[in-house]
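Trainee: Take a look at this one; I'll ask things after.
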Amino acid sequence: MRSADIASHTARTPTEGACLSVAMRCLMFAAVAGSALLTAQEVPKPTTLTILANVLDLRGNAIRDLNKSNFKISLDKKPITVVDARYTQAPGRIVVLLDMSGSMQGDGDPTKWKIAKEAVEDLLQQTPADVPIAFLTFAEQVHDVFGFSSSRTSIHKWLAQGPTKSKNLKGYTALRDAIMTGLAILRPFRQGDSLYVITDGDDTKSQESNSQTKTTLLNSRVRLFAFLFAEPYSNLDGEESYAFLADLCRDSGGFVFSLSTSNEVLNLSMMNRLHYKYDDSVKERIRSYTQGLNMQVNGFYVLEIATPIESTHKKIKLEIVDDAGRKRTDVAFSFQTWLRTEK
């Protein structure tokens, strides 16, 4: 075939070229429209936030084999999705707050103070070496402070010295101020950070208000634990301070380890004659409290939950259910009950 014939077979007529151009534009338009349609149909991923939780059996042992279907969570009474639930073990930082106000004297009986000191000593001895511990004391204001860079040996030596004798316990109690100082030591905050306060729960001198302390603690995501001398109070302020501390522990995801007096029956006329036992059973209880604290601080569930995209405070409710969705009554649990979502 001649070259002229080849050219006549391969060349496009003007009409054919125009049709091809229109077809190409239609195909491009369809592709763009289809892509836009797929994009419009994509569902945006929900905002997710995390809360920490501990689940124990009735003997106080950690339950570690739950999955996301075992956690039933509602946010302001509305069910929300648990995206993930994983049990995490890692050394968490602890700041110990030791009450040295006058009320810790025990009305002339040094037993109460011996128990408080032993609670600190036991924590220093039992807690794994890779867990960072800071320490402070407080009465009307914060006094001795040992940061995370301080050794446990230096805290041990300080506890053995004269300033910690019961005669040196004096003044009012600024518990909320001490909590705020403990939070300052922990900045910048890390997941699993905890405060451990050893006190009788009274607060008679703090400059910080209840609301400011609560807001700061809960926004920090730091959990508050307490070794609490459970005593009756002869005035409403004492009862309110006790309840406030217990609420802070619960809402932050912490726990209260309480120790009551040896008095079988109490009334207001006996307020100046309260005393504690300091025997093998009490020492064993202190050890069990320390074990319980370490178990919860260094191991916990991280629950990732889907939340509305808004900035507000939300109250969380949690239930532990079995694989069939039935509520479990054979477990105890603690969790962060208050959540601040961010835009």
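Quick note on naming: the chains in the structure tokens go A, B, ... in the order shown, residues restart at 1 in each chain, and ligands are numbered from 1 in order of appearance.
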For A:Gln191, list every protein, DNA or RNA residue within 10 Å, evaluated using only C-alpha atoms, and leave out those in the same chain fewer than 4 positions away; present the list as a PyMOL selection string.
Mentor: chain A and resi 50-52+90+92-93+220-223+302
Trainee: Just N, CA and C atoms for this one: save the residues we selected as an mmCIF file, in the first residue's frame.
Mentor:
```cif
data_model
loop_
_atom_site.group_PDB
_atom_site.id
_atom_site.type_symbol
_atom_site.label_atom_id
_atom_site.label_comp_id
_atom_site.auth_asym_id
_atom_site.auth_seq_id
_atom_site.Cartn_x
_atom_site.Cartn_y
_atom_site.Cartn_z
ATOM 1 N N THR A 50 -9.794 9.082 75.544
ATOM 2 C CA THR A 50 -9.492 7.929 76.388
ATOM 3 C C THR A 50 -9.812 8.209 77.847
ATOM 4 N N ILE A 51 -10.234 7.163 78.544
ATOM 5 C CA ILE A 51 -10.374 7.198 79.988
ATOM 6 C C ILE A 51 -9.667 5.968 80.540
ATOM 7 N N LEU A 52 -9.213 6.057 81.788
ATOM 8 C CA LEU A 52 -8.532 4.943 82.431
ATOM 9 C C LEU A 52 -9.493 4.255 83.395
ATOM 10 N N ALA A 90 2.607 -0.360 82.817
ATOM 11 C CA ALA A 90 3.767 0.513 82.684
ATOM 12 C C ALA A 90 3.959 1.243 84.007
ATOM 13 N N GLY A 92 3.904 3.966 86.521
ATOM 14 C CA GLY A 92 3.304 5.292 86.585
ATOM 15 C C GLY A 92 3.944 6.141 87.680
ATOM 16 N N ARG A 93 3.999 7.409 87.469
ATOM 17 C CA ARG A 93 4.587 8.322 88.460
ATOM 18 C C ARG A 93 3.618 8.540 89.630
ATOM 19 N N SER A 220 -6.547 17.535 84.407
ATOM 20 C CA SER A 220 -5.176 17.017 84.289
ATOM 21 C C SER A 220 -5.154 15.541 83.936
ATOM 22 N N ARG A 221 -6.253 14.825 84.182
ATOM 23 C CA ARG A 221 -6.372 13.373 83.994
ATOM 24 C C ARG A 221 -5.503 12.600 84.974
ATOM 25 N N VAL A 222 -5.016 13.254 86.033
ATOM 26 C CA VAL A 222 -4.261 12.597 87.096
ATOM 27 C C VAL A 222 -5.251 11.938 88.056
ATOM 28 N N ARG A 223 -4.968 10.716 88.466
ATOM 29 C CA ARG A 223 -5.843 10.019 89.396
ATOM 30 C C ARG A 223 -5.400 10.274 90.837
ATOM 31 N N VAL A 302 -6.993 1.168 79.205
ATOM 32 C CA VAL A 302 -7.144 2.403 78.448
ATOM 33 C C VAL A 302 -8.346 2.208 77.540
#
```
Trainee: Where does DSSP see strand (DSSP E) in stretch 39-137 of chain A, if you list the residues as a ChimeraX atom specification?
Mentor: /A:47-57,71-75,78-80,82-89,94-99,133-137
Trainee: With distances taken over only C-alpha atoms, which of A:Phe257, A:Trp113, A:Phe71, A:Tyr289 is nearest to A:Tyr276?
Mentor: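 Looking only at the distances to A:Tyr276, the closest residue turns out to be A:Trp113.
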Trainee: What separation in Å, quoted to one decimal, exists between atom CA of A:Met180 and atom CA of A:Leu97?
Mentor: 10.7 Å
Trainee: Near A:Gly253, counting only C-alpha atoms, which residues have an atom at most 10 Å away, once you skip same-chain residues fewer than 2 positions from it, shown as a list of chain:residue names?
Mentor: A:Ile51, A:Leu52, A:Ala53, A:Asn54, A:Ser194, A:Leu218, A:Arg221, A:Val222, A:Arg223, A:Leu224, A:Phe225, A:Asp247, A:Leu248, A:Cys249, A:Arg250, A:Asp251, A:Phe255, A:Gln296, A:Phe333, A:Ser334, A:Phe335, A:Gln336, A:Thr337, A:Trp338
Trainee: Selection from above, C-alpha atoms, as an mmCIF file, in the first residue's frame, can you write it?
Mentor:
```cif
data_model
loop_
_atom_site.group_PDB
_atom_site.id
_atom_site.type_symbol
_atom_site.label_atom_id
_atom_site.label_comp_id
_atom_site.auth_asym_id
_atom_site.auth_seq_id
_atom_site.Cartn_x
_atom_site.Cartn_y
_atom_site.Cartn_z
ATOM 1 C CA ILE A 51 -10.374 7.198 79.988
ATOM 2 C CA LEU A 52 -8.532 4.943 82.431
ATOM 3 C CA ALA A 53 -10.231 2.175 84.393
ATOM 4 C CA ASN A 54 -9.297 -0.605 86.803
ATOM 5 C CA SER A 194 -1.207 9.618 90.327
ATOM 6 C CA LEU A 218 -10.002 16.350 86.540
ATOM 7 C CA ARG A 221 -6.372 13.373 83.994
ATOM 8 C CA VAL A 222 -4.261 12.597 87.096
ATOM 9 C CA ARG A 223 -5.843 10.019 89.396
ATOM 10 C CA LEU A 224 -6.110 10.718 93.125
ATOM 11 C CA PHE A 225 -5.717 7.931 95.695
ATOM 12 C CA ASP A 247 -15.574 12.380 95.542
ATOM 13 C CA LEU A 248 -12.301 13.626 94.059
ATOM 14 C CA CYS A 249 -10.804 10.147 94.298
ATOM 15 C CA ARG A 250 -13.848 8.550 92.676
ATOM 16 C CA ASP A 251 -14.271 11.074 89.854
ATOM 17 C CA PHE A 255 -9.555 4.921 95.118
ATOM 18 C CA GLN A 296 -3.917 0.197 89.996
ATOM 19 C CA PHE A 333 -14.060 -1.167 89.289
ATOM 20 C CA SER A 334 -12.898 2.425 89.305
ATOM 21 C CA PHE A 335 -12.719 4.781 86.353
ATOM 22 C CA GLN A 336 -12.475 8.429 85.371
ATOM 23 C CA THR A 337 -16.109 9.499 85.651
ATOM 24 C CA TRP A 338 -15.714 13.020 84.334
#
```
